[in-house]
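S.K.: I have a structure here, written as structure tokens, and I will follow up with some questions on it.
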Amino acid sequence: MSEDFEIENDVLVKYNGTDKSVTVPEDVRVIGRGAFGFCDFLEEIELPSSLEIIEDIAFFACSSLKQIDFPIGLKQIGVDVFACCHALEQVTIPLSVEKIGMFAFCDCMNLKRVRIPACLCEQVKTNHVFDEGLADENIKWYGIEMKAEIPPDTKPEIPPETNTVAREERTDTVPDLTETRPELEG
């Protein structure tokens, strides 16, 4: 019901309802700080495709929340957004997410399966996004390959015609340096 939502411009400021299953209105671009916090009756939420940002503690302590599907265009998940969502069992973070805040899924004791873009690996580690008890085998990294990039200014420029060495150009003989440097004589 639309009267359950306090929306200012395109920001969902507060949810005042008591439904177990909620569909956020399509025009919402931001779920505001603490908008669903402590809604312990909430089990399932459907987010709109227009959603780009979930602010800090937006779903904090929604202890019955079992399922949440993020829209493809989501860009940011704030600090402690799903902390203390004890019933949450699995989550898939879309490739569109650029930033994920500290402790975003902390104390989600039933979280067993996580799919997350590999490009967020460093943020996940430094921001302690998941509890330390979440086993590595329960996290599935996907998307962009995880490999260190060489800064552009340090990459050697190798013309395509010189990127291989012809075997006939190689020499297996080592020059005798004692002729030019007598101090190396035995």
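The way I read the labels, and the way they are meant: chains A, B, ... in the order of the structure tokens, residue 1 as the first residue of every chain, and ligand 1 as the first ligand shown, with later ones counted on from there.
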Could you pull the residues within 9 Å of segment 50-66 of chain A, counting only C-alpha atoms, minus those fewer than 6 positions along the same chain, as JSON, numbers by chain?
M.R.: {"A": [20, 26, 27, 28, 29, 30, 31, 32, 33, 34, 35, 36, 37, 38, 39, 40, 41, 42, 43, 44, 72, 73, 74, 75, 76, 77, 78, 79, 80, 81, 82, 83, 84, 85, 86, 87, 88, 89, 90, 97, 101, 104, 108]}
S.K.: Just the residues within 7 Å of Leu47 of chain A, please, counting only C-alpha atoms, with nothing from its chain fewer than 2 positions along; format it as a ChimeraX atom specification.
M.R.: /A:23-24,45,49,51,69-71
S.K.: Just the selected residues (all heavy atoms), exported as an mmCIF file, in the first residue's frame, please.
M.R.:
```cif
data_model
loop_
_atom_site.group_PDB
_atom_site.id
_atom_site.type_symbol
_atom_site.label_atom_id
_atom_site.label_comp_id
_atom_site.auth_asym_id
_atom_site.auth_seq_id
_atom_site.Cartn_x
_atom_site.Cartn_y
_atom_site.Cartn_z
ATOM 1 N N THR A 23 6.742 -4.710 -1.821
ATOM 2 C CA THR A 23 7.250 -4.278 -3.119
ATOM 3 C C THR A 23 7.455 -2.771 -3.048
ATOM 4 O O THR A 23 6.498 -2.014 -2.845
ATOM 5 C CB THR A 23 6.264 -4.627 -4.261
ATOM 6 O OG1 THR A 23 6.074 -6.044 -4.283
ATOM 7 C CG2 THR A 23 6.781 -4.157 -5.602
ATOM 8 N N VAL A 24 8.701 -2.358 -3.208
ATOM 9 C CA VAL A 24 9.035 -0.937 -3.165
ATOM 10 C C VAL A 24 8.566 -0.296 -4.476
ATOM 11 O O VAL A 24 8.786 -0.858 -5.555
ATOM 12 C CB VAL A 24 10.554 -0.739 -2.971
ATOM 13 C CG1 VAL A 24 10.935 0.734 -3.036
ATOM 14 C CG2 VAL A 24 10.989 -1.342 -1.635
ATOM 15 N N ILE A 45 11.422 -8.781 0.205
ATOM 16 C CA ILE A 45 11.249 -7.443 -0.364
ATOM 17 C C ILE A 45 11.619 -7.469 -1.831
ATOM 18 O O ILE A 45 12.593 -8.096 -2.223
ATOM 19 C CB ILE A 45 12.067 -6.389 0.411
ATOM 20 C CG1 ILE A 45 11.722 -4.988 -0.083
ATOM 21 C CG2 ILE A 45 13.547 -6.659 0.329
ATOM 22 C CD1 ILE A 45 11.942 -3.916 0.931
ATOM 23 N N SER A 49 13.500 -1.572 -10.296
ATOM 24 C CA SER A 49 14.620 -1.495 -11.247
ATOM 25 C C SER A 49 15.250 -0.103 -11.244
ATOM 26 O O SER A 49 16.392 0.060 -11.670
ATOM 27 C CB SER A 49 14.153 -1.862 -12.655
ATOM 28 O OG SER A 49 13.153 -0.958 -13.085
ATOM 29 N N LEU A 51 16.145 1.519 -8.609
ATOM 30 C CA LEU A 51 16.972 1.682 -7.407
ATOM 31 C C LEU A 51 18.459 1.729 -7.737
ATOM 32 O O LEU A 51 18.982 0.859 -8.431
ATOM 33 C CB LEU A 51 16.706 0.538 -6.418
ATOM 34 C CG LEU A 51 17.378 0.679 -5.062
ATOM 35 C CD1 LEU A 51 16.811 1.876 -4.288
ATOM 36 C CD2 LEU A 51 17.207 -0.597 -4.253
ATOM 37 N N ASP A 69 16.319 -9.542 -3.706
ATOM 38 C CA ASP A 69 16.918 -9.590 -5.033
ATOM 39 C C ASP A 69 17.236 -8.158 -5.442
ATOM 40 O O ASP A 69 16.347 -7.314 -5.489
ATOM 41 C CB ASP A 69 15.962 -10.232 -6.044
ATOM 42 C CG ASP A 69 15.709 -11.699 -5.734
ATOM 43 O OD1 ASP A 69 16.678 -12.399 -5.391
ATOM 44 O OD2 ASP A 69 14.548 -12.131 -5.825
ATOM 45 N N PHE A 70 18.502 -7.926 -5.742
ATOM 46 C CA PHE A 70 18.941 -6.580 -6.101
ATOM 47 C C PHE A 70 18.720 -6.322 -7.581
ATOM 48 O O PHE A 70 18.965 -7.199 -8.404
ATOM 49 C CB PHE A 70 20.429 -6.402 -5.771
ATOM 50 C CG PHE A 70 20.730 -6.548 -4.314
ATOM 51 C CD1 PHE A 70 21.384 -7.666 -3.845
ATOM 52 C CD2 PHE A 70 20.362 -5.563 -3.414
ATOM 53 C CE1 PHE A 70 21.678 -7.809 -2.506
ATOM 54 C CE2 PHE A 70 20.645 -5.700 -2.069
ATOM 55 C CZ PHE A 70 21.303 -6.827 -1.606
ATOM 56 N N PRO A 71 18.307 -5.105 -7.944
ATOM 57 C CA PRO A 71 18.140 -4.775 -9.361
ATOM 58 C C PRO A 71 19.496 -4.592 -10.043
ATOM 59 O O PRO A 71 20.487 -4.245 -9.392
ATOM 60 C CB PRO A 71 17.356 -3.468 -9.331
ATOM 61 C CG PRO A 71 17.715 -2.846 -8.026
ATOM 62 C CD PRO A 71 17.925 -3.994 -7.068
#
```
S.K.: Please report, as a tab-separated table, each residue of segment 8-105 of chain A lying at most 6 Å from segment 127-141 of chain A, together with the nearest pair of atoms and the separation in Å rounded to one decimal; use only C-alpha atoms, and order rows by chain and ascending residue number.
M.R.:
```
residue	atom	partner	partner_atom	distance
A:Met102	CA	A:Asn127	CA	4.2
A:Phe103	CA	A:Val129	CA	4.3
A:Ala104	CA	A:Val129	CA	5.0
A:Phe105	CA	A:Phe130	CA	5.1
```
S.K.: How far is it from atom CA of Cys121 of chain A to atom CA of Lys99 of chain A, in Å with one decimal?
M.R.: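 Atom-to-atom, atom CA of Cys121 of chain A to atom CA of Lys99 of chain A, that is 10.8 Å.
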S.K.: Have a look at A:Gly17, A:Glu98, A:Gln123, A:Val91 and name the one nearest to Leu111 of chain A; count only C-alpha atoms.
M.R.: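 Answer, going by the shortest atom-to-atom distance: A:Val91.
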S.K.: So that I can check the surroundings of Asp4 of chain A, please list as a ChimeraX atom specification every protein, DNA and RNA residue that reaches within 10 Å of it, counting only C-alpha atoms and ignoring chain neighbours fewer than 4 positions away.
M.R.: /A:14-19,22
S.K.: Quick one, how far is atom CA of Arg113 of chain A from atom CA of Ile100 of chain A?
M.R.: 17.4 Å
S.K.: When DSSP works through the backbone of this structure, what residues of segment 5-168 of chain A end up as strand (DSSP E), shown as a VMD selection string?
M.R.: chain A and resid 5 to 8 11 to 15 21 to 23 30 to 31 44 to 46 53 to 54 67 to 69 76 to 77 90 to 92 99 to 100 113 to 117 139 to 142
S.K.: To one decimal in Å, tell me the separation between atom CA of Leu95 of chain A and atom CA of Val114 of chain A.
M.R.: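 Taking atom CA of Leu95 of chain A as the start and atom CA of Val114 of chain A as the end point, the length is 13.3 Å.
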S.K.: Just the helix (DSSP H, G or I) stuff from segment 8-124 of chain A, please, per backbone DSSP, written as a PyMOL selection string.
M.R.: chain A and resi 118-124
